[in-house]
$ cat run.txt   # compact mmCIF, C-alpha atoms and all ligand atoms
# COMPACT_ATOMS: atom_id res chain seq x y z
CA MET A 1 30.10 -8.88 16.91
CA PRO A 2 27.98 -7.48 14.04
CA PRO A 3 24.34 -6.61 14.81
CA PRO A 4 21.69 -9.16 13.71
CA ASP A 5 19.78 -8.56 10.48
CA PRO A 6 16.83 -6.19 10.89
CA GLU A 7 13.40 -7.03 9.49
CA PRO A 8 13.45 -5.93 5.83
CA LEU A 9 11.94 -2.64 4.65
CA PRO A 10 11.26 -1.80 1.00
CA GLY A 11 13.24 0.40 -1.38
CA LEU A 12 15.90 1.85 0.92
CA VAL A 13 19.17 3.55 -0.07
CA ASP A 14 22.19 4.02 2.20
CA ALA A 15 22.85 7.71 1.47
CA HIS A 16 26.39 7.71 2.92
CA THR A 17 28.70 4.82 3.69
CA HIS A 18 32.38 3.90 3.41
CA LEU A 19 32.48 0.46 1.79
CA ALA A 20 36.27 0.10 1.88
CA ALA A 21 36.38 0.85 5.62
CA CYS A 22 33.66 -1.79 6.09
CA GLY A 23 36.04 -4.43 4.78
CA GLY A 24 34.92 -4.15 1.16
CA ARG A 25 38.40 -4.02 -0.38
CA THR A 26 37.77 -6.32 -3.35
CA GLU A 27 34.99 -6.69 -5.89
CA GLU A 28 33.84 -9.88 -4.12
CA ASP A 29 33.82 -8.14 -0.71
CA VAL A 30 31.74 -5.29 -2.11
CA ARG A 31 29.26 -7.69 -3.67
CA ALA A 32 28.90 -9.55 -0.35
CA ILE A 33 28.20 -6.32 1.58
CA LEU A 34 25.64 -5.22 -1.02
CA ASP A 35 23.99 -8.67 -1.21
CA HIS A 36 23.60 -8.55 2.58
CA ALA A 37 22.10 -5.04 2.38
CA GLU A 38 19.76 -5.97 -0.48
CA ALA A 39 18.44 -8.94 1.51
CA VAL A 40 16.88 -6.47 3.99
CA GLY A 41 15.70 -3.99 1.34
CA VAL A 42 18.70 -1.65 1.04
CA GLN A 43 18.95 -1.63 -2.74
CA GLN A 44 21.62 0.99 -3.43
CA VAL A 45 24.42 2.74 -1.54
CA VAL A 46 26.61 5.81 -1.97
CA THR A 47 30.19 5.04 -0.96
CA VAL A 48 32.04 8.17 0.09
CA ALA A 49 35.71 9.09 -0.23
CA ASP A 50 37.92 10.67 2.45
CA ASP A 51 41.14 11.09 0.50
CA MET A 52 42.57 10.57 -3.00
CA VAL A 53 43.28 6.84 -2.58
CA ASP A 54 39.77 6.36 -1.28
CA ALA A 55 38.30 8.44 -4.12
CA ARG A 56 39.96 6.29 -6.79
CA TRP A 57 38.73 3.20 -4.97
CA ALA A 58 35.16 4.52 -4.64
CA VAL A 59 34.94 5.15 -8.39
CA ALA A 60 36.24 1.63 -9.08
CA ALA A 61 33.74 0.10 -6.64
CA ALA A 62 30.90 1.99 -8.29
CA HIS A 63 31.86 0.36 -11.58
CA TRP A 64 32.14 -3.13 -10.04
CA ASP A 65 28.57 -3.30 -8.79
CA GLU A 66 25.47 -1.57 -10.18
CA ARG A 67 24.16 -1.04 -6.62
CA ALA A 68 27.13 1.13 -5.61
CA PHE A 69 27.58 4.82 -6.48
CA ALA A 70 30.47 7.08 -5.53
CA ALA A 71 31.01 10.42 -3.84
CA ILE A 72 34.48 11.84 -4.40
CA GLY A 73 36.41 14.57 -2.62
CA LEU A 74 38.75 15.32 0.24
CA HIS A 75 37.44 15.15 3.81
CA PRO A 76 38.04 18.52 5.54
CA THR A 77 40.69 16.95 7.77
CA HIS A 78 42.60 16.06 4.55
CA ALA A 79 42.00 19.46 2.92
CA GLY A 80 45.77 20.07 2.81
CA ASP A 81 46.04 17.38 0.10
CA LEU A 82 44.17 19.51 -2.45
CA THR A 83 47.13 20.08 -4.79
CA GLU A 84 46.85 21.08 -8.45
CA ASP A 85 47.20 17.41 -9.41
CA ALA A 86 44.48 16.39 -6.95
CA ARG A 87 42.14 19.05 -8.31
CA ALA A 88 42.67 17.87 -11.88
CA GLU A 89 42.09 14.24 -10.91
CA LEU A 90 38.95 15.01 -8.88
CA GLU A 91 37.53 17.05 -11.77
CA GLU A 92 38.06 14.09 -14.07
CA MET A 93 36.38 11.74 -11.59
CA ALA A 94 33.45 14.13 -11.15
CA ALA A 95 32.56 13.61 -14.82
CA ASP A 96 32.16 9.85 -14.31
CA PRO A 97 28.48 8.88 -14.51
CA ARG A 98 28.88 6.56 -11.50
CA VAL A 99 29.91 9.56 -9.36
CA VAL A 100 26.75 11.07 -7.88
CA ALA A 101 28.14 13.52 -5.32
CA ILE A 102 31.13 15.71 -4.47
CA GLY A 103 32.45 15.10 -0.96
CA GLU A 104 32.62 14.51 1.77
CA THR A 105 33.71 18.10 2.11
CA GLY A 106 32.93 20.85 4.59
CA LEU A 107 34.44 21.88 7.90
CA ASP A 108 35.67 19.84 10.86
CA PHE A 109 36.74 21.98 13.80
CA TYR A 110 36.68 19.03 16.20
CA TRP A 111 39.92 17.52 14.89
CA THR A 112 41.75 20.83 14.31
CA THR A 113 42.52 21.04 18.03
CA ARG A 114 42.97 17.29 18.57
CA SER A 115 45.09 16.03 15.69
CA GLU A 116 48.35 17.45 14.33
CA ASP A 117 47.54 15.96 10.92
CA CYS A 118 44.26 17.88 10.60
CA ALA A 119 44.15 20.77 8.12
CA ASP A 120 43.82 24.30 9.57
CA PRO A 121 40.43 26.02 9.45
CA ALA A 122 41.61 28.40 6.72
CA VAL A 123 42.85 25.52 4.54
CA GLN A 124 39.55 23.69 5.14
CA ARG A 125 37.57 26.77 4.07
CA ASP A 126 39.51 27.09 0.80
CA ALA A 127 39.11 23.40 -0.02
CA PHE A 128 35.41 23.53 0.87
CA ALA A 129 34.92 26.49 -1.49
CA TRP A 130 36.66 24.56 -4.27
CA HIS A 131 34.43 21.50 -3.73
CA ILE A 132 31.30 23.73 -3.75
CA ASP A 133 32.39 25.10 -7.11
CA LEU A 134 33.09 21.59 -8.47
CA ALA A 135 29.60 20.46 -7.42
CA LYS A 136 28.09 23.41 -9.29
CA ARG A 137 30.18 22.84 -12.41
CA SER A 138 29.56 19.08 -12.50
CA GLY A 139 25.89 19.30 -11.56
CA LYS A 140 26.37 16.71 -8.80
CA ALA A 141 25.08 16.85 -5.23
CA LEU A 142 27.34 18.38 -2.57
CA MET A 143 27.99 15.95 0.30
CA ILE A 144 28.68 17.98 3.42
CA HIS A 145 30.62 16.90 6.50
CA ASN A 146 30.18 19.21 9.47
CA ARG A 147 31.66 18.79 12.90
CA ASP A 148 31.53 21.60 15.46
CA ALA A 149 31.33 24.17 12.67
CA ASP A 150 27.59 24.91 12.10
CA ARG A 151 27.80 28.70 11.76
CA ASP A 152 31.03 28.86 9.73
CA LEU A 153 29.81 26.12 7.42
CA LEU A 154 26.53 27.85 6.60
CA ASP A 155 28.39 31.14 6.15
CA VAL A 156 30.84 29.65 3.62
CA LEU A 157 27.94 28.08 1.70
CA ALA A 158 26.10 31.40 1.63
CA ALA A 159 29.21 33.32 0.55
CA GLU A 160 30.12 30.87 -2.24
CA GLY A 161 26.54 30.22 -3.33
CA ALA A 162 25.22 26.70 -2.70
CA PRO A 163 24.76 24.23 -5.56
CA GLU A 164 21.28 22.98 -6.39
CA THR A 165 21.53 19.91 -4.16
CA VAL A 166 23.15 20.04 -0.73
CA VAL A 167 23.20 16.96 1.52
CA MET A 168 24.00 17.55 5.20
CA HIS A 169 25.47 14.12 5.91
CA CYS A 170 25.12 12.75 9.46
CA PHE A 171 23.16 15.83 10.43
CA SER A 172 24.08 16.75 13.98
CA GLY A 173 22.63 20.21 14.53
CA ASP A 174 19.81 21.32 16.78
CA ARG A 175 16.31 22.37 15.80
CA GLU A 176 17.39 25.90 14.93
CA ILE A 177 20.16 24.81 12.55
CA ALA A 178 17.79 22.23 11.07
CA ARG A 179 15.21 24.97 10.43
CA GLU A 180 17.84 27.12 8.73
CA CYS A 181 18.97 24.24 6.48
CA ILE A 182 15.37 23.31 5.64
CA ASN A 183 14.58 26.89 4.62
CA LEU A 184 17.62 26.89 2.34
CA GLY A 185 16.32 23.73 0.65
CA TYR A 186 19.12 21.48 1.93
CA VAL A 187 18.59 17.76 2.48
CA LEU A 188 19.23 16.41 5.99
CA SER A 189 20.66 12.90 6.23
CA PHE A 190 20.30 11.03 9.53
CA ALA A 191 22.69 8.35 10.76
CA GLY A 192 22.50 5.98 13.74
CA THR A 193 23.21 8.94 16.03
CA VAL A 194 19.51 9.84 15.83
CA THR A 195 18.75 6.59 17.71
CA PHE A 196 21.24 7.17 20.55
CA ASN A 197 19.90 7.67 24.09
CA ASN A 198 21.62 11.05 24.46
CA SER A 199 20.31 12.48 21.16
CA ALA A 200 17.00 14.06 22.25
CA GLU A 201 17.94 17.37 20.61
CA LEU A 202 18.76 15.66 17.32
CA ARG A 203 15.41 13.83 17.36
CA GLU A 204 13.68 17.21 17.79
CA ALA A 205 15.45 18.31 14.62
CA ALA A 206 14.52 15.12 12.74
CA LEU A 207 10.89 15.74 13.62
CA ILE A 208 10.60 19.03 11.74
CA VAL A 209 12.25 17.99 8.44
CA PRO A 210 9.72 17.95 5.57
CA ASP A 211 9.17 14.58 3.88
CA GLY A 212 11.02 15.70 0.75
CA GLN A 213 14.22 16.73 2.55
CA ILE A 214 15.10 13.71 4.69
CA LEU A 215 17.59 10.90 4.03
CA VAL A 216 18.91 7.93 6.00
CA GLU A 217 22.52 6.72 6.05
CA THR A 218 24.85 4.46 8.03
CA ASP A 219 28.19 6.33 7.76
CA ALA A 220 29.40 2.76 8.26
CA PRO A 221 31.55 1.33 9.74
CA PHE A 222 30.79 3.97 12.42
CA LEU A 223 27.68 5.13 14.31
CA THR A 224 25.89 1.79 14.58
CA PRO A 225 22.28 2.42 15.66
CA HIS A 226 20.97 1.73 19.16
CA PRO A 227 21.00 -0.87 20.78
CA TYR A 228 24.07 -2.03 18.82
CA ARG A 229 26.14 1.11 19.38
CA GLY A 230 29.86 0.26 19.31
CA GLN A 231 29.41 -2.85 17.13
CA PRO A 232 30.48 -2.76 13.47
CA ASN A 233 28.03 -0.97 11.19
CA GLN A 234 27.21 -1.85 7.57
CA SER A 235 24.61 -0.85 5.00
CA TYR A 236 22.29 -3.72 6.03
CA CYS A 237 21.70 -1.81 9.30
CA VAL A 238 19.84 1.06 7.54
CA PRO A 239 16.37 -0.34 8.45
CA TYR A 240 17.11 0.15 12.17
CA THR A 241 17.52 3.90 11.70
CA ALA A 242 14.67 4.10 9.17
CA ARG A 243 12.36 2.48 11.76
CA ALA A 244 13.50 4.91 14.46
CA LEU A 245 12.66 7.81 12.11
CA ALA A 246 9.24 6.28 11.36
CA THR A 247 8.41 5.96 15.06
CA LEU A 248 9.62 9.49 15.74
CA ARG A 249 7.61 10.99 12.86
CA GLY A 250 4.49 8.90 13.47
CA VAL A 251 4.31 7.14 10.11
CA SER A 252 4.43 3.44 9.26
CA ASP A 253 7.85 1.84 8.78
CA GLU A 254 7.01 1.03 5.15
CA GLN A 255 5.85 4.58 4.41
CA MET A 256 9.04 6.03 5.95
CA ALA A 257 11.20 3.61 3.92
CA LEU A 258 9.49 4.60 0.68
CA ILE A 259 9.96 8.31 1.43
CA LEU A 260 13.64 7.86 2.32
CA GLY A 261 14.35 5.70 -0.74
CA ALA A 262 12.56 8.02 -3.15
CA ASN A 263 14.43 11.04 -1.78
CA ALA A 264 17.82 9.37 -2.19
CA ARG A 265 17.04 8.38 -5.77
CA ARG A 266 15.97 11.95 -6.56
CA VAL A 267 18.87 13.67 -4.77
CA TYR A 268 21.56 11.47 -6.37
CA SER A 269 19.68 10.82 -9.65
CA LEU A 270 19.89 7.04 -9.11
CA PRO A 271 18.13 4.66 -11.49
CA LEU A 272 15.13 2.71 -10.16
CA ARG A 273 15.89 -0.89 -9.33
ZN ZN B 1 31.54 12.75 7.73
ZN ZN B 2 31.48 9.60 6.25
$ encode --input "run.txt" --output "structure tokens"
Amino acid sequence: MPPPDPEPLPGLVDAHTHLAACGGRTEEDVRAILDHAEAVGVQQVVTVADDMVDARWAVAAAHWDERAFAAIGLHPTHAGDLTEDARAELEEMAADPRVVAIGETGLDFYWTTRSEDCADPAVQRDAFAWHIDLAKRSGKALMIHNRDADRDLLDVLAAEGAPETVVMHCFSGDREIARECINLGYVLSFAGTVTFNNSAELREAALIVPDGQILVETDAPFLTPHPYRGQPNQSYCVPYTARALATLRGVSDEQMALILGANARRVYSLPLR
């Protein structure tokens, strides 16, 4: 059962979602998801691609509805798909004005040992480096996925040279990693995980992020915020996590929402609605 609607908050943006995986296959489905989100104050969303089929779809969705923007790239687990043809196609997509970020890219060492289909660490590193370069050349934000790879991920970024805007999607590190990312000027995006009972360490990290470097996201359909964990997530659930961040950081819910929304619009260069 989907969670109930939260009380609305003003000016929010879902900084990372997967509209197609939320059941938004058609133009009508996408509009319904975004209408629902807008009714509780979530005005814009960034829908993120995992693979080539998803990337083409994300660009199309971003053209269907003015509230949707796309991030295109190959998820690290799909890094083996980065053929010459895929590179050429992604470069073309990156030039589309509705594409606001390159990714999700990065490193995922959780699935390397658990799935035979997952790309090897070396293949992931090469693909990550290519995506970093594409972000720099296209002037778009770099949307980072990191699972069990903190040190390696920061090392690759340092070696390649980070683009101007780096978004650490679904930030999952501890206070030390957060401090390192903050000092490098990266933006930390928090998903429903920050509300989970067993996430005390992550909340410590969320507490030290400066106002200008924090985002909120759903990563829907996954990571539904507490107390709805395990139920289907969608962009309309953003206010739950935004409120949790407000409580944690000791500011009003409205103030937190305005900070989070303004940051997303700056990071992705979104128009004001
Ligand atoms: Zn991810
Ligand atoms: Zn994601």
$ closest_residue --input "run.txt" --among "A:Ala15, A:Ala135, A:Ile208, A:Ala159" --to "ligand ZN 1 (chain B)" --atoms "all atoms listed in the file"
A:Ala15
$ residues_near_ligand --input "run.txt" --ligand "ligand ZN 2 (chain B)" --cutoff "10 Å" --atoms "all atoms listed in the file" --output "PyMOL selection string"
chain A and resi 16-18+47-50+75+103-105+143-145+169-170+191+217-223
$ closest_atom_pairs --input "run.txt" --of "segment 98-180 of chain A" --to "segment 59-67 of chain A" --cutoff "12 Å" --atoms "all atoms listed in the file" --output "Markdown table"
| residue | atom | partner | partner_atom | distance |
| --- | --- | --- | --- | --- |
| A:Arg98 | CA | A:Ala62 | CA | 5.9 |
| A:Val99 | CA | A:Val59 | CA | 6.8 |
| A:Val100 | CA | A:Ala62 | CA | 10.0 |
| A:Ala101 | CA | A:Val59 | CA | 11.2 |
| A:Ile102 | CA | A:Val59 | CA | 11.9 |
$ atom_distance --input "run.txt" --atom1 "atom CA of Ser138 of chain A" --atom2 "atom CA of Ala58 of chain A"
17.5 Å
$ closest_residue --input "run.txt" --among "A:Met52, A:Leu74, A:Leu34, A:Ala162" --to "ligand ZN 1 (chain B)" --atoms "only C-alpha atoms and all ligand atoms"
A:Leu74
$ closest_residue --input "run.txt" --among "A:Asp108, A:Glu116, A:Asp54, A:Asp5" --to "ligand ZN 1 (chain B)" --atoms "all atoms listed in the file"
A:Asp108
$ residues_around --input "run.txt" --residues "Trp130 of chain A" --least-positions-apart "6" --cutoff "12 Å" --atoms "all atoms listed in the file" --output "list in words"
Gly73, Leu74, Pro76, Ala79, Leu82, Thr83, Glu84, Ala86, Arg87, Ala88, Leu90, Glu91, Ile102, Gly103, Thr105, Gly106, Val123, Gln124, Lys136, Arg137, Leu142, Val156, Leu157, Glu160, Gly161, Ala162 and Pro163 of chain A
$ atom_distance --input "run.txt" --atom1 "atom CA of Leu19 of chain A" --atom2 "atom CA of Val267 of chain A"
20.1 Å
$ atom_distance --input "run.txt" --atom1 "atom CA of Ala94 of chain A" --atom2 "atom CA of Ala257 of chain A"
28.9 Å
$ closest_residue --input "run.txt" --among "A:Ala158, A:Ala200, A:Ala71, A:Asp117" --to "ligand ZN 1 (chain B)" --atoms "all atoms listed in the file"
A:Ala71
$ residues_around --input "run.txt" --residues "Pro225 of chain A" --least-positions-apart "3" --cutoff "7 Å" --atoms "only C-alpha atoms" --output "PDB file with C-alpha atoms, in the frame of the given file"
ATOM      1  CA  GLY A 192      22.500   5.980  13.740  1.00  0.00           C
ATOM      2  CA  THR A 193      23.210   8.940  16.030  1.00  0.00           C
ATOM      3  CA  THR A 195      18.750   6.590  17.710  1.00  0.00           C
ATOM      4  CA  PHE A 196      21.240   7.170  20.550  1.00  0.00           C
ATOM      5  CA  TYR A 228      24.070  -2.030  18.820  1.00  0.00           C
ATOM      6  CA  ARG A 229      26.140   1.110  19.380  1.00  0.00           C
ATOM      7  CA  TYR A 240      17.110   0.150  12.170  1.00  0.00           C
ATOM      8  CA  THR A 241      17.520   3.900  11.700  1.00  0.00           C
TER       9      THR A 241
END
$ closest_residue --input "run.txt" --among "A:Ala122, A:Val167, A:Met1, A:Val53" --to "ligand ZN 1 (chain B)" --atoms "only C-alpha atoms and all ligand atoms"
A:Val167
$ residues_around --input "run.txt" --residues "Pro8 of chain A" --least-positions-apart "4" --cutoff "9 Å" --atoms "all atoms listed in the file" --output "ChimeraX atom specification"
/A:38-42,239
$ closest_residue --input "run.txt" --among "A:Gly80, A:Gly11, A:Pro4, A:Gly139" --to "Pro97 of chain A" --atoms "all atoms listed in the file"
A:Gly139
$ build_atoms --input "run.txt" --residues "segment 210-221 of chain A" --atoms "all heavy atoms" --output "PDB file, in the coordinates of the input"
ATOM      1  N   PRO A 210      10.786  18.348   6.496  1.00  0.00           N
ATOM      2  CA  PRO A 210       9.720  17.950   5.570  1.00  0.00           C
ATOM      3  C   PRO A 210      10.037  16.618   4.891  1.00  0.00           C
ATOM      4  O   PRO A 210      11.216  16.279   4.718  1.00  0.00           O
ATOM      5  CB  PRO A 210       9.695  19.086   4.539  1.00  0.00           C
ATOM      6  CG  PRO A 210      10.396  20.230   5.173  1.00  0.00           C
ATOM      7  CD  PRO A 210      11.387  19.647   6.125  1.00  0.00           C
ATOM      8  N   ASP A 211       8.997  15.894   4.507  1.00  0.00           N
ATOM      9  CA  ASP A 211       9.170  14.580   3.880  1.00  0.00           C
ATOM     10  C   ASP A 211      10.158  14.598   2.709  1.00  0.00           C
ATOM     11  O   ASP A 211      10.894  13.646   2.508  1.00  0.00           O
ATOM     12  CB  ASP A 211       7.819  14.056   3.362  1.00  0.00           C
ATOM     13  CG  ASP A 211       7.027  13.376   4.473  1.00  0.00           C
ATOM     14  OD1 ASP A 211       7.603  13.136   5.558  1.00  0.00           O
ATOM     15  OD2 ASP A 211       5.835  13.101   4.255  1.00  0.00           O
ATOM     16  N   GLY A 212      10.175  15.672   1.940  1.00  0.00           N
ATOM     17  CA  GLY A 212      11.020  15.700   0.750  1.00  0.00           C
ATOM     18  C   GLY A 212      12.480  16.002   1.005  1.00  0.00           C
ATOM     19  O   GLY A 212      13.296  15.978   0.088  1.00  0.00           O
ATOM     20  N   GLN A 213      12.845  16.307   2.273  1.00  0.00           N
ATOM     21  CA  GLN A 213      14.220  16.730   2.550  1.00  0.00           C
ATOM     22  C   GLN A 213      14.957  15.838   3.546  1.00  0.00           C
ATOM     23  O   GLN A 213      15.920  16.252   4.172  1.00  0.00           O
ATOM     24  CB  GLN A 213      14.203  18.179   3.078  1.00  0.00           C
ATOM     25  CG  GLN A 213      13.957  19.209   1.989  1.00  0.00           C
ATOM     26  CD  GLN A 213      13.735  20.608   2.557  1.00  0.00           C
ATOM     27  OE1 GLN A 213      12.607  21.036   2.792  1.00  0.00           O
ATOM     28  NE2 GLN A 213      14.813  21.340   2.783  1.00  0.00           N
ATOM     29  N   ILE A 214      14.493  14.586   3.696  1.00  0.00           N
ATOM     30  CA  ILE A 214      15.100  13.710   4.690  1.00  0.00           C
ATOM     31  C   ILE A 214      15.703  12.466   4.032  1.00  0.00           C
ATOM     32  O   ILE A 214      15.132  11.894   3.108  1.00  0.00           O
ATOM     33  CB  ILE A 214      14.065  13.326   5.788  1.00  0.00           C
ATOM     34  CG1 ILE A 214      14.753  12.625   6.949  1.00  0.00           C
ATOM     35  CG2 ILE A 214      12.905  12.499   5.219  1.00  0.00           C
ATOM     36  CD1 ILE A 214      13.880  12.532   8.193  1.00  0.00           C
ATOM     37  N   LEU A 215      16.904  12.108   4.501  1.00  0.00           N
ATOM     38  CA  LEU A 215      17.590  10.900   4.030  1.00  0.00           C
ATOM     39  C   LEU A 215      18.020  10.070   5.230  1.00  0.00           C
ATOM     40  O   LEU A 215      18.088  10.578   6.355  1.00  0.00           O
ATOM     41  CB  LEU A 215      18.846  11.268   3.227  1.00  0.00           C
ATOM     42  CG  LEU A 215      18.696  11.953   1.874  1.00  0.00           C
ATOM     43  CD1 LEU A 215      20.085  12.274   1.314  1.00  0.00           C
ATOM     44  CD2 LEU A 215      17.934  11.072   0.901  1.00  0.00           C
ATOM     45  N   VAL A 216      18.359   8.794   4.958  1.00  0.00           N
ATOM     46  CA  VAL A 216      18.910   7.930   6.000  1.00  0.00           C
ATOM     47  C   VAL A 216      20.233   7.364   5.491  1.00  0.00           C
ATOM     48  O   VAL A 216      20.399   7.118   4.301  1.00  0.00           O
ATOM     49  CB  VAL A 216      17.927   6.802   6.380  1.00  0.00           C
ATOM     50  CG1 VAL A 216      17.753   5.791   5.250  1.00  0.00           C
ATOM     51  CG2 VAL A 216      18.368   6.100   7.666  1.00  0.00           C
ATOM     52  N   GLU A 217      21.196   7.219   6.409  1.00  0.00           N
ATOM     53  CA  GLU A 217      22.520   6.720   6.050  1.00  0.00           C
ATOM     54  C   GLU A 217      23.092   5.920   7.218  1.00  0.00           C
ATOM     55  O   GLU A 217      22.583   6.003   8.343  1.00  0.00           O
ATOM     56  CB  GLU A 217      23.455   7.904   5.770  1.00  0.00           C
ATOM     57  CG  GLU A 217      23.666   8.798   7.011  1.00  0.00           C
ATOM     58  CD  GLU A 217      24.788   9.817   6.862  1.00  0.00           C
ATOM     59  OE1 GLU A 217      24.577  10.801   6.152  1.00  0.00           O
ATOM     60  OE2 GLU A 217      25.864   9.609   7.471  1.00  0.00           O
ATOM     61  N   THR A 218      24.155   5.143   6.928  1.00  0.00           N
ATOM     62  CA  THR A 218      24.850   4.460   8.030  1.00  0.00           C
ATOM     63  C   THR A 218      26.111   5.198   8.471  1.00  0.00           C
ATOM     64  O   THR A 218      26.457   5.162   9.638  1.00  0.00           O
ATOM     65  CB  THR A 218      25.276   3.032   7.610  1.00  0.00           C
ATOM     66  OG1 THR A 218      26.082   3.117   6.435  1.00  0.00           O
ATOM     67  CG2 THR A 218      24.063   2.147   7.397  1.00  0.00           C
ATOM     68  N   ASP A 219      26.832   5.856   7.527  1.00  0.00           N
ATOM     69  CA  ASP A 219      28.190   6.330   7.760  1.00  0.00           C
ATOM     70  C   ASP A 219      29.050   5.167   8.264  1.00  0.00           C
ATOM     71  O   ASP A 219      29.967   5.360   9.052  1.00  0.00           O
ATOM     72  CB  ASP A 219      28.246   7.515   8.744  1.00  0.00           C
ATOM     73  CG  ASP A 219      29.523   8.347   8.577  1.00  0.00           C
ATOM     74  OD1 ASP A 219      30.234   8.160   7.572  1.00  0.00           O
ATOM     75  OD2 ASP A 219      29.820   9.169   9.469  1.00  0.00           O
ATOM     76  N   ALA A 220      28.680   3.952   7.839  1.00  0.00           N
ATOM     77  CA  ALA A 220      29.400   2.760   8.260  1.00  0.00           C
ATOM     78  C   ALA A 220      30.866   2.833   7.852  1.00  0.00           C
ATOM     79  O   ALA A 220      31.169   3.423   6.811  1.00  0.00           O
ATOM     80  CB  ALA A 220      28.746   1.525   7.631  1.00  0.00           C
ATOM     81  N   PRO A 221      31.770   2.281   8.630  1.00  0.00           N
ATOM     82  CA  PRO A 221      31.550   1.330   9.740  1.00  0.00           C
ATOM     83  C   PRO A 221      31.269   1.987  11.106  1.00  0.00           C
ATOM     84  O   PRO A 221      31.304   1.289  12.120  1.00  0.00           O
ATOM     85  CB  PRO A 221      32.873   0.564   9.786  1.00  0.00           C
ATOM     86  CG  PRO A 221      33.893   1.582   9.367  1.00  0.00           C
ATOM     87  CD  PRO A 221      33.188   2.449   8.349  1.00  0.00           C
TER      88      PRO A 221
END
